[in-house]
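Participant: run_32.txt is reproduced below (compact mmCIF, C-alpha atoms).
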```txt
# COMPACT_ATOMS: atom_id res chain seq x y z
CA MET A 1 -7.01 19.41 51.37
CA MET A 2 -4.88 21.85 49.37
CA LYS A 3 -5.24 21.53 45.62
CA ASP A 4 -2.31 21.11 43.20
CA PHE A 5 -2.48 24.37 41.30
CA PHE A 6 -0.67 24.97 38.04
CA LYS A 7 2.99 25.85 37.91
CA LEU A 8 3.08 27.29 34.42
CA ILE A 9 6.06 26.72 32.15
CA THR A 10 6.76 27.86 28.60
CA SER A 11 6.22 25.69 25.56
CA THR A 12 10.00 25.58 25.06
CA GLU A 13 10.44 24.21 28.57
CA PHE A 14 7.67 21.71 27.89
CA LEU A 15 9.35 20.44 24.73
CA ALA A 16 12.70 20.15 26.54
CA HIS A 17 11.28 17.22 28.53
CA PHE A 18 11.05 15.17 25.33
CA SER A 19 14.82 14.71 25.24
CA THR A 20 14.46 12.18 28.05
CA PHE A 21 12.26 9.90 25.92
CA SER A 22 13.79 7.38 23.49
CA THR A 23 12.81 6.16 20.06
CA LEU A 24 10.94 2.88 20.04
CA ASP A 25 12.38 -0.51 19.21
CA GLU A 26 13.07 -1.82 15.71
CA GLN A 27 10.81 -4.04 13.66
CA THR A 28 11.05 -5.39 10.12
CA VAL A 29 8.10 -4.70 7.83
CA PRO A 30 7.33 -5.61 4.19
CA LEU A 31 7.56 -2.86 1.60
CA HIS A 32 3.80 -2.55 1.21
CA ALA A 33 3.60 -1.54 4.90
CA ALA A 34 6.68 0.71 4.94
CA ARG A 35 5.39 4.02 3.54
CA ASN A 36 6.00 6.88 6.01
CA ARG A 37 7.97 4.59 8.32
CA VAL A 38 11.46 5.59 9.49
CA LEU A 39 14.55 3.51 8.77
CA THR A 40 16.60 2.31 11.73
CA ARG A 41 19.62 1.37 9.57
CA ASP A 42 21.37 2.45 6.39
CA ILE A 43 20.31 0.60 3.26
CA ILE A 44 23.28 -0.44 1.10
CA SER A 45 22.83 -1.75 -2.43
CA GLN A 46 23.84 -5.37 -2.81
CA GLU A 47 23.72 -5.17 -6.61
CA ALA A 48 23.86 -2.68 -9.46
CA LEU A 49 20.75 -0.83 -10.63
CA PRO A 50 20.03 -1.19 -13.44
CA PRO A 51 21.77 -4.55 -13.63
CA PHE A 52 22.56 -4.08 -17.34
CA SER A 53 23.00 -1.23 -19.82
CA ARG A 54 19.67 -0.52 -21.50
CA SER A 55 18.18 1.62 -24.21
CA THR A 56 15.95 4.58 -23.40
CA MET A 57 14.62 4.83 -26.97
CA ASP A 58 13.27 2.72 -29.78
CA GLY A 59 15.96 2.60 -32.44
CA PHE A 60 19.26 0.90 -33.25
CA ALA A 61 22.09 -0.04 -30.90
CA VAL A 62 25.39 1.03 -32.44
CA ARG A 63 29.08 1.59 -31.90
CA ALA A 64 29.00 5.40 -31.73
CA ARG A 65 32.17 5.69 -33.83
CA ASP A 66 30.30 4.05 -36.76
CA THR A 67 27.95 7.08 -36.92
CA PHE A 68 30.53 9.86 -36.74
CA GLY A 69 30.25 12.26 -39.68
CA CYS A 70 26.95 10.93 -41.06
CA SER A 71 24.30 13.38 -42.23
CA ASP A 72 21.11 13.65 -44.26
CA SER A 73 23.15 13.83 -47.45
CA GLU A 74 25.69 11.19 -46.43
CA PRO A 75 24.14 8.55 -44.13
CA ALA A 76 26.05 5.78 -42.40
CA LEU A 77 25.03 2.36 -43.74
CA LEU A 78 25.03 -0.33 -41.05
CA GLN A 79 24.33 -4.05 -41.28
CA VAL A 80 21.34 -5.13 -39.15
CA THR A 81 22.24 -8.40 -37.42
CA GLY A 82 19.23 -8.91 -35.14
CA GLU A 83 16.59 -7.44 -32.86
CA ILE A 84 16.45 -7.01 -29.07
CA ALA A 85 13.06 -6.58 -27.45
CA MET A 86 12.43 -5.97 -23.76
CA GLY A 87 13.27 -9.03 -21.71
CA ILE A 88 15.61 -10.50 -24.35
CA PRO A 89 19.26 -10.85 -23.24
CA GLY A 90 21.43 -8.52 -25.28
CA TRP A 91 24.66 -10.44 -24.61
CA GLU A 92 23.64 -12.89 -27.33
CA TYR A 93 24.77 -10.21 -29.79
CA SER A 94 28.20 -8.62 -30.15
CA LEU A 95 28.61 -5.78 -32.61
CA GLN A 96 31.46 -5.76 -35.05
CA PRO A 97 32.46 -2.57 -36.91
CA GLY A 98 29.65 -1.53 -39.27
CA GLN A 99 27.00 -3.66 -37.51
CA THR A 100 23.85 -2.67 -35.61
CA VAL A 101 20.94 -4.35 -33.81
CA ARG A 102 17.36 -3.06 -33.77
CA ILE A 103 16.45 -2.37 -30.12
CA TRP A 104 13.33 -1.34 -28.22
CA THR A 105 13.02 0.90 -25.19
CA GLY A 106 14.25 -1.01 -22.13
CA GLY A 107 16.16 -3.55 -24.17
CA GLU A 108 19.63 -4.68 -23.04
CA LEU A 109 22.49 -3.28 -25.12
CA PRO A 110 24.49 -5.87 -27.04
CA ALA A 111 28.18 -6.31 -26.33
CA LYS A 112 30.42 -3.53 -27.74
CA ALA A 113 27.42 -1.21 -28.36
CA ASP A 114 27.71 2.14 -26.57
CA ALA A 115 24.84 4.25 -27.95
CA VAL A 116 21.40 4.11 -29.53
CA VAL A 117 20.23 5.96 -32.63
CA MET A 118 16.55 6.96 -32.43
CA VAL A 119 14.41 5.25 -35.03
CA GLU A 120 13.32 8.70 -36.30
CA TYR A 121 16.84 9.28 -37.64
CA THR A 122 17.07 6.04 -39.58
CA GLN A 123 15.56 4.52 -42.69
CA PRO A 124 15.70 0.99 -44.11
CA TYR A 125 18.18 0.80 -46.97
CA ASP A 126 17.58 -2.80 -47.96
CA GLU A 127 16.53 -6.00 -46.14
CA GLU A 128 19.80 -6.22 -44.19
CA THR A 129 20.92 -2.58 -44.03
CA VAL A 130 19.73 0.58 -42.29
CA ALA A 131 20.73 4.14 -43.17
CA VAL A 132 21.61 6.39 -40.17
CA TYR A 133 21.23 10.14 -40.76
CA ARG A 134 22.38 11.60 -37.43
CA PRO A 135 25.52 10.78 -35.41
CA VAL A 136 25.36 9.84 -31.71
CA ALA A 137 27.90 10.20 -28.94
CA PRO A 138 28.93 7.34 -26.64
CA GLY A 139 26.28 6.90 -23.93
CA GLU A 140 23.55 8.72 -25.87
CA HIS A 141 20.04 7.29 -25.24
CA VAL A 142 21.52 4.69 -22.91
CA ILE A 143 21.33 4.06 -19.16
CA GLN A 144 24.53 2.34 -18.11
CA ALA A 145 24.60 -0.64 -15.76
CA GLY A 146 24.85 0.71 -12.20
CA GLU A 147 24.16 4.29 -13.30
CA ASP A 148 21.39 4.60 -10.67
CA TYR A 149 23.19 2.71 -7.90
CA ARG A 150 26.42 0.77 -8.04
CA GLN A 151 26.89 -2.31 -5.89
CA GLY A 152 27.88 -1.23 -2.37
CA ALA A 153 26.43 2.29 -2.75
CA MET A 154 24.41 4.03 -0.02
CA VAL A 155 20.77 3.96 -1.09
CA LEU A 156 18.85 5.34 1.92
CA GLU A 157 20.21 6.60 5.22
CA ARG A 158 19.09 5.74 8.73
CA GLY A 159 16.41 8.13 9.98
CA ARG A 160 14.79 8.64 6.58
CA MET A 161 11.01 8.54 6.36
CA LEU A 162 10.19 6.29 3.43
CA ARG A 163 8.29 7.80 0.49
CA PRO A 164 6.67 5.93 -2.41
CA GLN A 165 9.69 6.58 -4.66
CA ASP A 166 12.00 5.18 -1.97
CA LEU A 167 9.96 1.99 -1.85
CA GLY A 168 10.21 1.72 -5.63
CA VAL A 169 14.01 1.91 -5.51
CA LEU A 170 14.10 -0.78 -2.82
CA ALA A 171 11.88 -3.01 -4.92
CA GLY A 172 14.18 -2.47 -7.90
CA LEU A 173 17.10 -3.67 -5.78
CA GLY A 174 15.23 -6.75 -4.62
CA ILE A 175 14.84 -5.46 -1.05
CA VAL A 176 11.36 -6.54 -0.03
CA SER A 177 11.44 -5.77 3.71
CA VAL A 178 13.08 -3.01 5.73
CA PRO A 179 14.03 -2.31 9.39
CA VAL A 180 12.00 0.58 10.80
CA TYR A 181 11.07 2.06 14.16
CA ARG A 182 7.91 0.65 15.63
CA LYS A 183 4.85 2.88 15.40
CA PRO A 184 3.87 4.38 18.75
CA ARG A 185 0.64 2.95 20.13
CA VAL A 186 -1.47 5.74 21.63
CA ALA A 187 -4.26 5.01 24.10
CA ILE A 188 -7.14 7.52 24.08
CA VAL A 189 -9.49 7.90 27.05
CA SER A 190 -12.34 10.41 27.11
CA THR A 191 -13.58 11.35 30.57
CA GLY A 192 -16.67 13.05 31.89
CA ASP A 193 -20.05 12.15 33.33
CA GLU A 194 -21.64 14.24 30.58
CA ILE A 195 -20.11 12.29 27.65
CA VAL A 196 -21.95 9.62 25.63
CA PRO A 197 -20.80 7.68 22.52
CA ALA A 198 -21.15 9.42 19.16
CA GLU A 199 -23.73 6.92 17.94
CA GLN A 200 -26.02 7.57 20.91
CA LYS A 201 -28.64 10.31 21.10
CA PRO A 202 -27.63 12.37 24.14
CA PRO A 203 -30.18 12.54 26.94
CA PRO A 204 -30.74 15.92 28.61
CA GLY A 205 -27.53 17.36 30.08
CA LYS A 206 -25.17 15.16 28.07
CA ILE A 207 -23.17 15.57 24.83
CA ARG A 208 -21.59 13.21 22.32
CA ASP A 209 -17.90 12.28 22.61
CA ILE A 210 -15.93 14.35 20.09
CA ASN A 211 -12.38 14.04 21.31
CA SER A 212 -12.00 10.27 20.86
CA THR A 213 -12.69 10.55 17.14
CA THR A 214 -10.61 13.70 16.66
CA LEU A 215 -7.62 12.45 18.64
CA ALA A 216 -7.65 9.02 16.98
CA ALA A 217 -7.52 10.68 13.55
CA LEU A 218 -4.73 13.02 14.68
CA VAL A 219 -2.71 10.08 16.02
CA GLU A 220 -3.09 8.14 12.79
CA GLU A 221 -2.20 11.17 10.66
CA ALA A 222 0.95 11.73 12.76
CA GLY A 223 2.10 8.14 12.23
CA GLY A 224 0.86 6.45 15.38
CA VAL A 225 -1.58 3.64 16.08
CA PRO A 226 -4.67 4.88 17.95
CA VAL A 227 -6.12 2.61 20.62
CA THR A 228 -9.48 3.99 21.75
CA CYS A 229 -10.36 3.00 25.30
CA GLY A 230 -13.88 4.38 25.35
CA ILE A 231 -15.53 6.82 27.72
CA ARG A 232 -14.97 6.79 31.46
CA ASN A 233 -17.04 8.59 34.05
CA ASP A 234 -15.44 10.89 36.59
CA ASP A 235 -14.56 8.02 38.89
CA LEU A 236 -11.05 7.71 40.27
CA GLU A 237 -10.96 3.91 40.55
CA ALA A 238 -12.44 3.36 37.08
CA LEU A 239 -9.94 5.77 35.51
CA LEU A 240 -7.07 4.16 37.35
CA ALA A 241 -8.07 0.73 36.06
CA VAL A 242 -8.38 1.76 32.41
CA CYS A 243 -5.10 3.71 32.51
CA THR A 244 -3.26 0.78 34.06
CA ALA A 245 -4.50 -1.51 31.28
CA ALA A 246 -3.72 1.04 28.57
CA LEU A 247 -0.13 1.58 29.73
CA ALA A 248 0.49 -2.16 29.65
CA GLU A 249 0.13 -2.16 25.85
CA CYS A 250 0.66 1.43 24.69
CA ASP A 251 3.52 3.94 24.50
CA ILE A 252 1.49 7.13 24.99
CA LEU A 253 -1.65 7.68 27.05
CA LEU A 254 -4.01 10.57 26.32
CA ILE A 255 -6.70 11.41 28.86
CA SER A 256 -9.09 13.99 27.47
CA GLY A 257 -10.71 16.07 30.21
CA GLY A 258 -10.03 16.23 33.92
CA SER A 259 -6.66 18.00 33.69
CA SER A 260 -7.75 21.15 35.52
CA VAL A 261 -8.17 21.58 39.28
CA GLY A 262 -11.91 21.20 39.62
CA ARG A 263 -13.62 19.01 42.18
CA ARG A 264 -13.97 16.11 39.75
CA ASP A 265 -10.78 16.54 37.71
CA TYR A 266 -9.04 13.26 38.50
CA THR A 267 -6.32 13.00 35.83
CA LEU A 268 -3.47 14.22 38.03
CA GLN A 269 -4.63 11.97 40.89
CA VAL A 270 -4.69 8.99 38.54
CA PHE A 271 -1.18 9.72 37.30
CA LYS A 272 0.12 10.00 40.86
CA ALA A 273 -1.54 6.71 41.79
CA LEU A 274 0.06 4.79 38.93
CA PRO A 275 3.29 2.95 39.79
CA GLU A 276 6.61 4.61 38.91
CA VAL A 277 4.96 7.62 37.27
CA GLU A 278 6.72 10.99 37.50
CA THR A 279 4.73 14.17 36.86
CA LEU A 280 6.82 16.47 34.69
CA VAL A 281 4.41 19.30 33.83
CA HIS A 282 1.10 20.60 35.12
CA GLY A 283 0.31 23.83 33.35
CA VAL A 284 1.80 25.58 30.34
CA ALA A 285 1.65 29.31 29.65
CA ILE A 286 -0.29 29.13 26.41
CA ARG A 287 -3.84 29.74 25.26
CA PRO A 288 -5.75 27.55 24.70
CA GLY A 289 -4.60 24.55 26.71
CA LYS A 290 -3.15 25.95 29.95
CA PRO A 291 -4.05 22.98 32.25
CA THR A 292 -2.09 20.39 30.25
CA ILE A 293 -0.32 17.61 32.18
CA LEU A 294 2.73 15.59 31.11
CA ALA A 295 3.97 12.60 33.09
CA ARG A 296 6.17 9.62 32.33
CA GLN A 297 6.42 5.98 33.30
CA GLY A 298 9.78 4.77 32.05
CA ASN A 299 9.70 5.49 28.31
CA LYS A 300 5.92 5.86 28.27
CA ALA A 301 4.33 9.32 28.13
CA LEU A 302 1.09 10.29 29.85
CA PHE A 303 -0.78 13.42 28.76
CA GLY A 304 -3.70 15.06 30.49
CA LEU A 305 -5.42 17.07 27.77
CA PRO A 306 -8.09 19.75 28.17
CA GLY A 307 -11.60 18.47 27.59
CA HIS A 308 -12.61 21.21 25.15
CA ALA A 309 -12.11 20.03 21.57
CA ALA A 310 -10.24 23.10 20.32
CA SER A 311 -7.86 23.08 23.28
CA ALA A 312 -7.22 19.34 22.96
CA MET A 313 -6.42 19.70 19.27
CA VAL A 314 -4.02 22.60 19.86
CA ILE A 315 -2.18 20.71 22.61
CA PHE A 316 -1.96 17.61 20.44
CA THR A 317 -0.48 19.65 17.59
CA LEU A 318 2.06 21.47 19.76
CA PHE A 319 3.15 18.70 22.13
CA VAL A 320 1.71 15.22 21.55
CA ARG A 321 2.51 15.19 17.84
CA PRO A 322 6.22 16.10 18.33
CA LEU A 323 6.72 13.41 20.97
CA LEU A 324 4.89 10.81 18.88
CA ARG A 325 7.13 11.66 15.92
CA ALA A 326 10.23 11.53 18.13
CA MET A 327 9.35 8.03 19.31
CA ALA A 328 8.83 7.00 15.67
CA GLY A 329 12.34 8.20 14.75
CA LEU A 330 11.52 11.57 13.19
CA GLY A 331 12.77 13.86 15.95
CA ALA A 332 10.72 16.02 18.32
CA SER A 333 9.24 18.40 15.75
CA HIS A 334 5.66 19.02 14.69
CA GLY A 335 6.55 18.30 11.05
CA LEU A 336 3.90 20.72 9.78
CA GLN A 337 4.20 23.17 6.91
CA VAL A 338 5.00 26.67 8.15
CA VAL A 339 3.34 29.33 5.97
CA LYS A 340 4.43 32.97 5.90
CA VAL A 341 1.32 35.19 6.08
CA ILE A 342 0.12 38.76 6.39
CA THR A 343 -2.47 39.49 9.06
CA ALA A 344 -5.73 40.70 7.53
CA GLN A 345 -6.74 42.51 10.72
CA GLN A 346 -5.48 43.34 14.17
CA ILE A 347 -5.10 40.27 16.41
CA PRO A 348 -5.01 41.05 20.14
CA SER A 349 -3.04 39.04 22.68
CA THR A 350 -1.99 39.24 26.33
CA ILE A 351 1.61 39.55 27.49
CA GLY A 352 2.76 36.66 29.63
CA ARG A 353 1.41 33.75 27.60
CA GLU A 354 1.71 32.37 24.10
CA ASP A 355 -1.45 32.58 22.04
CA TYR A 356 -2.22 30.10 19.28
CA VAL A 357 -4.90 31.75 17.18
CA ARG A 358 -6.95 29.68 14.78
CA VAL A 359 -6.81 31.36 11.37
CA ARG A 360 -8.19 30.96 7.90
CA LEU A 361 -5.81 31.57 4.96
CA ILE A 362 -6.92 33.61 1.96
CA PRO A 363 -4.66 33.41 -1.13
CA SER A 364 -3.30 36.76 -2.33
CA GLU A 365 -2.41 37.93 -5.79
CA ASN A 366 0.97 38.90 -7.23
CA ASN A 367 2.82 36.12 -5.40
CA THR A 368 2.43 37.85 -2.04
CA PRO A 369 1.89 35.81 1.15
CA PRO A 370 -1.67 34.75 1.90
CA GLN A 371 -3.75 36.73 4.34
CA ALA A 372 -4.50 35.26 7.77
CA ILE A 373 -7.97 35.93 9.13
CA PRO A 374 -8.54 34.94 12.77
CA VAL A 375 -11.37 32.53 13.43
CA TYR A 376 -12.51 33.37 16.92
CA GLY A 377 -14.52 31.05 19.09
CA LYS A 378 -14.63 29.62 22.58
CA SER A 379 -12.48 26.54 23.13
CA GLY A 380 -15.59 24.41 23.59
CA LEU A 381 -16.99 25.31 20.16
CA LEU A 382 -16.25 23.33 17.00
CA ASN A 383 -17.07 25.74 14.20
CA SER A 384 -13.75 27.58 14.53
CA LEU A 385 -11.83 24.32 14.09
CA VAL A 386 -13.70 23.44 10.93
CA GLN A 387 -13.08 26.87 9.42
CA ALA A 388 -9.41 27.13 10.41
CA ASP A 389 -6.47 26.24 8.16
CA GLY A 390 -3.85 26.45 10.90
CA LEU A 391 -2.54 28.07 14.06
CA LEU A 392 -0.86 31.48 14.22
CA PRO A 393 1.49 31.72 17.24
CA ILE A 394 1.85 35.02 19.10
CA GLY A 395 4.80 35.12 21.49
CA ARG A 396 4.36 35.63 25.22
CA ASP A 397 6.08 39.04 25.14
CA ILE A 398 4.03 40.40 22.23
CA GLU A 399 0.91 42.46 22.83
CA GLY A 400 -0.93 41.33 19.72
CA LEU A 401 -0.29 41.87 16.02
CA ASP A 402 -1.31 44.88 13.94
CA GLN A 403 -3.11 44.56 10.64
CA GLY A 404 -0.58 43.96 7.86
CA SER A 405 1.99 42.33 10.14
CA GLU A 406 4.11 39.46 8.88
CA ALA A 407 3.60 36.21 10.80
CA HIS A 408 3.86 32.46 10.37
CA VAL A 409 1.13 29.85 10.55
CA LEU A 410 1.40 26.16 11.40
CA ALA A 411 -0.77 24.70 8.67
CA PHE A 412 -3.06 21.83 9.60
CA PRO A 413 -2.36 18.65 7.59
```
Written as structure tokens, how would this file's structure read?
Facilitator:
Amino acid sequence: MMKDFFKLITSTEFLAHFSTFSTLDEQTVPLHAARNRVLTRDIISQEALPPFSRSTMDGFAVRARDTFGCSDSEPALLQVTGEIAMGIPGWEYSLQPGQTVRIWTGGELPAKADAVVMVEYTQPYDEETVAVYRPVAPGEHVIQAGEDYRQGAMVLERGRMLRPQDLGVLAGLGIVSVPVYRKPRVAIVSTGDEIVPAEQKPPPGKIRDINSTTLAALVEEAGGVPVTCGIRNDDLEALLAVCTAALAECDILLISGGSSVGRRDYTLQVFKALPEVETLVHGVAIRPGKPTILARQGNKALFGLPGHAASAMVIFTLFVRPLLRAMAGLGASHGLQVVKVITAQQIPSTIGREDYVRVRLIPSENNTPPQAIPVYGKSGLLNSLVQADGLLPIGRDIEGLDQGSEAHVLAFP
């Protein structure tokens, strides 16, 4: 029987397939679970923040006009009519000309007060009077009601990934739950007769499963929910059963190993045997990771990843991560920091494919870009992954980079 050999496409063509996938459905989550989630709707303030005008200093709330012209030699003498601590309603006081109220940081301004004199610029004159030695302008040392957000103002826009400071603003407005896109659930299956669980001592001829742990951590870091499905031998029926179960509850399926065209590489056969699955890609013109597979079942994505750990991690970074982020509402981008670098040595490449070279970054002096040192190693070895700080892309039409060349690195999180 004729094998299905690769029909290589570019990484750009690969990413173009993601436009046919949709973001996931909406769910409402409490604030404590909303960090790094993406809003599905605009958040509009239903009240003013702060809800009242408040002091930003310890001192005296005043009518600013009562301090105009005062100085060290000619202080303004104001009658002290009370004290406002934090949590005490300031509306109980209303300043008349020549009056003041002692106020603490965070205290509500009394009626008709429009500024605060810092305590450092005052001195008691007698039991009921304070001397003010420096004038203040209206609004000085005061946060006005609604100065942060007025009622009806846009607070956060749809599509925003929520940061800790965003959650704090929402809490300040009394918004304790938010509508966000559901996190993608990602099923992870490791395949191979030679694979045993990490906690098991491998018998002769076998190795511990590395990819399940690595991929689960990558999924979680990218904002997904990893669902590890264990290790499956190179058995077509067993793989078909576990993939069928995984797709029933997950949005993305990752099969690690079996994506090539060897005698026991069953991933493509499994995908073709699943109902309503369309194979979109089998082979991409990059190194490492050429035998990658992408298929879809409705809005569910199926990836056949290379079995070698380095290749699987590169493919996850370049393709799985962008689609996972797109489903979570962030758009089909890798979302990684891109660092401008200078190559520390010549880096060879072959025309006709994109190379993604693992590199280590060495800080430079005098505010120049860091140096990128390639970390070479076979795709089945792990040491190069541990040493690397990111991936340096070399375009398919470029025959390597000379020493001292400018380049850009996708920094690992």
Participant: Within 6 Å of (26.6, 10.3, -37.4) in the file's own coordinates, which protein, DNA or RNA residues have an atom, counting all atoms listed in the file? List them as a list in words.
Facilitator: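 Here the neighbourhood of the point contains Thr67, Phe68, Gly69, Cys70, Arg134, Pro135 and Val136 of chain A.
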Participant: Those same residues - C-alpha atoms - I'd like them written as a PDB file, in the frame of the given file.
Facilitator:
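What landed in out_33.pdb:
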```
ATOM      1  CA  THR A  67      27.950   7.080 -36.920  1.00  0.00           C
ATOM      2  CA  PHE A  68      30.530   9.860 -36.740  1.00  0.00           C
ATOM      3  CA  GLY A  69      30.250  12.260 -39.680  1.00  0.00           C
ATOM      4  CA  CYS A  70      26.950  10.930 -41.060  1.00  0.00           C
ATOM      5  CA  ARG A 134      22.380  11.600 -37.430  1.00  0.00           C
ATOM      6  CA  PRO A 135      25.520  10.780 -35.410  1.00  0.00           C
ATOM      7  CA  VAL A 136      25.360   9.840 -31.710  1.00  0.00           C
TER       8      VAL A 136
END
```
Participant: Quick check, in Å to one decimal: how far apart do atom CA of Glu354 of chain A and atom CA of Leu305 of chain A lie?
Facilitator: 17.3 Å
Participant: Skipping near chain neighbours, those fewer than 3 positions away, what residues fall within 9 Å of Gly107 of chain A using all atoms listed in the file, listed as a list in words?
Facilitator: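 Surrounding residues, per the criterion: Ser53, Arg54, Ser55, Thr56, Met57, Asp58, Ile84, Ala85, Met86, Gly87, Ile88, Pro89, Gly90, Ile103 and Trp104 of chain A.
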Participant: Between atom CA of Gly159 of chain A and atom CA of Glu221 of chain A, what is the distance in Å, rounded to a tenth?
Facilitator: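 Computing the Euclidean distance for atom CA of Gly159 of chain A and atom CA of Glu221 of chain A yields 18.9 Å.
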Participant: Mind dumping a table of every segment 261-291 of chain A residue within 12 Å of segment 311-318 of chain A, with the nearest atom pair and its distance in Å to one decimal, using all atoms listed in the file, sorted by chain and rising number, as CSV?
Facilitator:
```
residue,atom,partner,partner_atom,distance
A:Gly283,CA,A:Ile315,CA,11.5
A:Val284,CA,A:Ile315,CA,10.0
A:Ala285,CA,A:Ile315,CA,11.8
A:Ile286,CA,A:Ile315,CA,9.4
A:Arg287,CA,A:Ser311,CA,8.0
A:Pro288,CA,A:Ser311,CA,5.1
A:Gly289,CA,A:Ser311,CA,5.0
A:Lys290,CA,A:Ser311,CA,8.7
A:Pro291,CA,A:Ser311,CA,9.7
```
Participant: Distance atom CA of Ile347 of chain A-atom CA of Asp397 of chain A, one decimal place?
Facilitator: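 Taking atom CA of Ile347 of chain A and atom CA of Asp397 of chain A, their separation equals 14.2 Å.
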Participant: Determine the axis-aligned bounding box of all atoms of segment 60-72 of chain A present in the file, pad each side by 6 Å, and express its centre and edge lengths in Å to one decimal place as JSON.
Facilitator:
```
{"center_x": 25.7, "center_y": 6.8, "center_z": -37.6, "size_x": 24.9, "size_y": 25.7, "size_z": 25.4}
```
Participant: For a quick check of understanding, using all atoms listed in the file, which of A:Asp25, A:Asp114, A:Glu120, A:Glu147 has the smallest distance to Glu47 of chain A?
Facilitator: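 When distances to Glu47 of chain A are compared using all atoms listed in the file, the smallest one comes from A:Glu147.
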Participant: Show me the residues close to (13.6, 18.6, 26.7) - anything with an atom within 12 Å, counting all atoms listed in the file - and format the list as a list in words.
Facilitator: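 Within the cut-off we find Thr10, Ser11, Thr12, Glu13, Phe14, Leu15, Ala16, His17, Phe18, Ser19, Thr20, Phe21, Ser22, Leu280, Val281, Phe319, Pro322, Leu323, Ala326, Gly331, Ala332 and Ser333 of chain A.
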Participant: Which is closest to Pro369 of chain A among A:Ala131, A:Arg325, A:Thr105, A:Gly404, if we use all atoms listed in the file?
Facilitator: A:Gly404
Participant: Which residue is closest to Gly304 of chain A? Choose from A:Ile44, A:Asp166, A:Ser256, A:Gln371 and count all atoms listed in the file.
Facilitator: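 Of all the options, A:Ser256 lies closest to Gly304 of chain A.
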Participant: With the input short on atoms, add N, CA and C atoms back to segment 369-381 of chain A and write it as a PDB file, in the frame of the given file.
Facilitator:
```pdb
ATOM      1  N   PRO A 369       2.360  36.817   0.190  1.00  0.00           N
ATOM      2  CA  PRO A 369       1.890  35.810   1.150  1.00  0.00           C
ATOM      3  C   PRO A 369       0.378  35.859   1.319  1.00  0.00           C
ATOM      4  N   PRO A 370      -0.219  34.749   1.662  1.00  0.00           N
ATOM      5  CA  PRO A 370      -1.670  34.750   1.900  1.00  0.00           C
ATOM      6  C   PRO A 370      -2.021  35.583   3.122  1.00  0.00           C
ATOM      7  N   GLN A 371      -3.265  35.990   3.187  1.00  0.00           N
ATOM      8  CA  GLN A 371      -3.750  36.730   4.340  1.00  0.00           C
ATOM      9  C   GLN A 371      -4.278  35.764   5.386  1.00  0.00           C
ATOM     10  N   ALA A 372      -4.018  36.084   6.652  1.00  0.00           N
ATOM     11  CA  ALA A 372      -4.500  35.260   7.770  1.00  0.00           C
ATOM     12  C   ALA A 372      -5.632  36.001   8.464  1.00  0.00           C
ATOM     13  N   ILE A 373      -6.796  35.355   8.489  1.00  0.00           N
ATOM     14  CA  ILE A 373      -7.970  35.930   9.130  1.00  0.00           C
ATOM     15  C   ILE A 373      -8.277  35.120  10.379  1.00  0.00           C
ATOM     16  N   PRO A 374      -8.263  35.717  11.556  1.00  0.00           N
ATOM     17  CA  PRO A 374      -8.540  34.940  12.770  1.00  0.00           C
ATOM     18  C   PRO A 374      -9.950  34.377  12.774  1.00  0.00           C
ATOM     19  N   VAL A 375     -10.073  33.177  13.287  1.00  0.00           N
ATOM     20  CA  VAL A 375     -11.370  32.530  13.430  1.00  0.00           C
ATOM     21  C   VAL A 375     -11.610  32.393  14.927  1.00  0.00           C
ATOM     22  N   TYR A 376     -12.337  33.342  15.474  1.00  0.00           N
ATOM     23  CA  TYR A 376     -12.510  33.370  16.920  1.00  0.00           C
ATOM     24  C   TYR A 376     -13.632  32.430  17.341  1.00  0.00           C
ATOM     25  N   GLY A 377     -13.493  31.925  18.534  1.00  0.00           N
ATOM     26  CA  GLY A 377     -14.520  31.050  19.090  1.00  0.00           C
ATOM     27  C   GLY A 377     -14.049  30.477  20.401  1.00  0.00           C
ATOM     28  N   LYS A 378     -14.972  30.213  21.288  1.00  0.00           N
ATOM     29  CA  LYS A 378     -14.630  29.620  22.580  1.00  0.00           C
ATOM     30  C   LYS A 378     -14.054  28.238  22.372  1.00  0.00           C
ATOM     31  N   SER A 379     -13.187  27.810  23.309  1.00  0.00           N
ATOM     32  CA  SER A 379     -12.480  26.540  23.130  1.00  0.00           C
ATOM     33  C   SER A 379     -13.414  25.339  23.137  1.00  0.00           C
ATOM     34  N   GLY A 380     -14.643  25.520  23.602  1.00  0.00           N
ATOM     35  CA  GLY A 380     -15.590  24.410  23.590  1.00  0.00           C
ATOM     36  C   GLY A 380     -16.402  24.337  22.314  1.00  0.00           C
ATOM     37  N   LEU A 381     -16.232  25.305  21.403  1.00  0.00           N
ATOM     38  CA  LEU A 381     -16.990  25.310  20.160  1.00  0.00           C
ATOM     39  C   LEU A 381     -16.181  24.685  19.030  1.00  0.00           C
TER      40      LEU A 381
END
```
